[in-house]
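To keep things clear, I will list the structure first and then write my remarks on it.
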Amino acid sequence: ECRPARPGAEGGPPRVPEACDRAVVTQAPEMLLTARNQARTTLANLAAIADGLAPIRGPKHLVFVSGGLRFDQELLFEFTSFAERAALAGVVLHVVHADQAATDSSTARRAVTSAFGGRDMAEGLTAIAGSTGGAYFHGVGTASGVFDRIATAVVNTYQLALETTAADSSAGVRDVKVSVL
């Protein structure tokens, strides 16, 4: 996180820019708390959406685009609660992780760590996608291929239902044949 120390003036002790050594120790717990609070808020909002969709019959597919989501033991209750509520509502969540590399070989700038996202925050996104039967995608550039894949998955889903009447229960076992044209 810190830039290298620069030599001090006239042979003095090296200078660490921005008092980085102390700042990292202070900033790390704040970033963790921020990321956990953001994850709790996100999961609560996604669960509320699932609850709102619950009365609608049939499967529901949501596409969630995010820069990342924290996942750790302290957040396990929130992840489990969201998964249960999504299952009750019949919601499948497809996640697109919209993250780009902070640096590459063409840049000389320093990477800045964010509590709100990044590649180290992919674990929470994979957890929520997997818990609902959805898929996780890493969005690169415009991510158009990702959205094409999601559209194919949503459109090519079939649901078969059989409705019975009270008279059917006394008739015993019946054969059902299904054909697709």
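Starting from 1 in every chain, residues are counted up; chains themselves are A, B, ... following the order of the structure tokens, and ligands are numbered from 1 as listed.
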
Closest-contact table, stretch 29-70 of chain A side, partner stretch 157-181 of chain A, 12 Å, counting only C-alpha atoms, as a tab-separated table:
residue	atom	partner	partner_atom	distance
A:Arg57	CA	A:Gln159	CA	11.6
A:Gly58	CA	A:Gln159	CA	8.4
A:Pro59	CA	A:Gln159	CA	8.6
A:Lys60	CA	A:Thr157	CA	10.9
A:His61	CA	A:Thr157	CA	10.6

Take the residues just selected and output them with N, CA, C and O atoms as an mmCIF file, in the first residue's frame.
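Written out: selection.cif:
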data_model
loop_
_atom_site.group_PDB
_atom_site.id
_atom_site.type_symbol
_atom_site.label_atom_id
_atom_site.label_comp_id
_atom_site.auth_asym_id
_atom_site.auth_seq_id
_atom_site.Cartn_x
_atom_site.Cartn_y
_atom_site.Cartn_z
ATOM 1 N N ARG A 57 -46.012 -15.627 -9.657
ATOM 2 C CA ARG A 57 -45.817 -17.052 -9.951
ATOM 3 C C ARG A 57 -44.781 -17.220 -11.042
ATOM 4 O O ARG A 57 -44.696 -16.425 -11.964
ATOM 5 N N GLY A 58 -44.018 -18.277 -10.924
ATOM 6 C CA GLY A 58 -43.034 -18.607 -11.949
ATOM 7 C C GLY A 58 -41.634 -18.203 -11.542
ATOM 8 O O GLY A 58 -41.428 -17.503 -10.545
ATOM 9 N N PRO A 59 -40.663 -18.654 -12.329
ATOM 10 C CA PRO A 59 -39.268 -18.339 -12.005
ATOM 11 C C PRO A 59 -38.961 -16.871 -12.285
ATOM 12 O O PRO A 59 -39.540 -16.262 -13.175
ATOM 13 N N LYS A 60 -38.075 -16.322 -11.476
ATOM 14 C CA LYS A 60 -37.645 -14.943 -11.639
ATOM 15 C C LYS A 60 -36.123 -14.906 -11.722
ATOM 16 O O LYS A 60 -35.455 -15.499 -10.895
ATOM 17 N N HIS A 61 -35.609 -14.213 -12.724
ATOM 18 C CA HIS A 61 -34.167 -14.071 -12.902
ATOM 19 C C HIS A 61 -33.798 -12.609 -12.718
ATOM 20 O O HIS A 61 -34.385 -11.736 -13.357
#

message = If DSSP is run on the backbone, what residues of stretch 20-77 of chain A are helix (DSSP H, G or I)? A reply as a PyMOL selection string would be ideal.
response = chain A and resi 20-53+73-77

Spatial neighbours of A:Thr142, 12 Å, only C-alpha atoms, chain gap at least 2 places, as a PyMOL selection string = chain A and resi 96-100+138-140+144-148

message = Could you pull out the strand (DSSP E or B) residues of stretch 35-175 of chain A, going by DSSP on the backbone, and write them as a PyMOL selection string?
response = chain A and resi 60-66+91-98+136-139

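The coordinates place atom CA of A:Gly141 at 28.6 Å from atom CA of A:Phe79.
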
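Put simply, atom CA of A:Leu88 is 10.3 Å away from atom CA of A:Thr132.
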
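Of the residues under consideration (A:Ala89, A:Leu69, A:Leu33, A:Leu75), A:Ala89 shows the shortest atom-to-atom contact distance to A:Leu53 when counting only C-alpha atoms.
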
task = For A:Leu125, list every protein, DNA or RNA residue within 12 Å, evaluated using only C-alpha atoms, and leave out those in the same chain fewer than 6 positions away; present the list as a PyMOL selection string.
result = chain A and resi 39+42-43+63-72+79+93-99+117-119+131-132+134-138

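Restricting the calculation to only C-alpha atoms, the smallest distance between A:Glu84 and any of A:Ala23, A:Ala143, A:Ile56, A:Ala48 is found for A:Ala48.
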
ask   = Which one is closest to A:Asp51: A:Glu30, A:Arg149, A:Ala127, A:Ala86? Count only C-alpha atoms.
value = A:Ala86

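Here atom CA of A:Leu46 stands at a distance of 13.2 Å from atom CA of A:Gly124.
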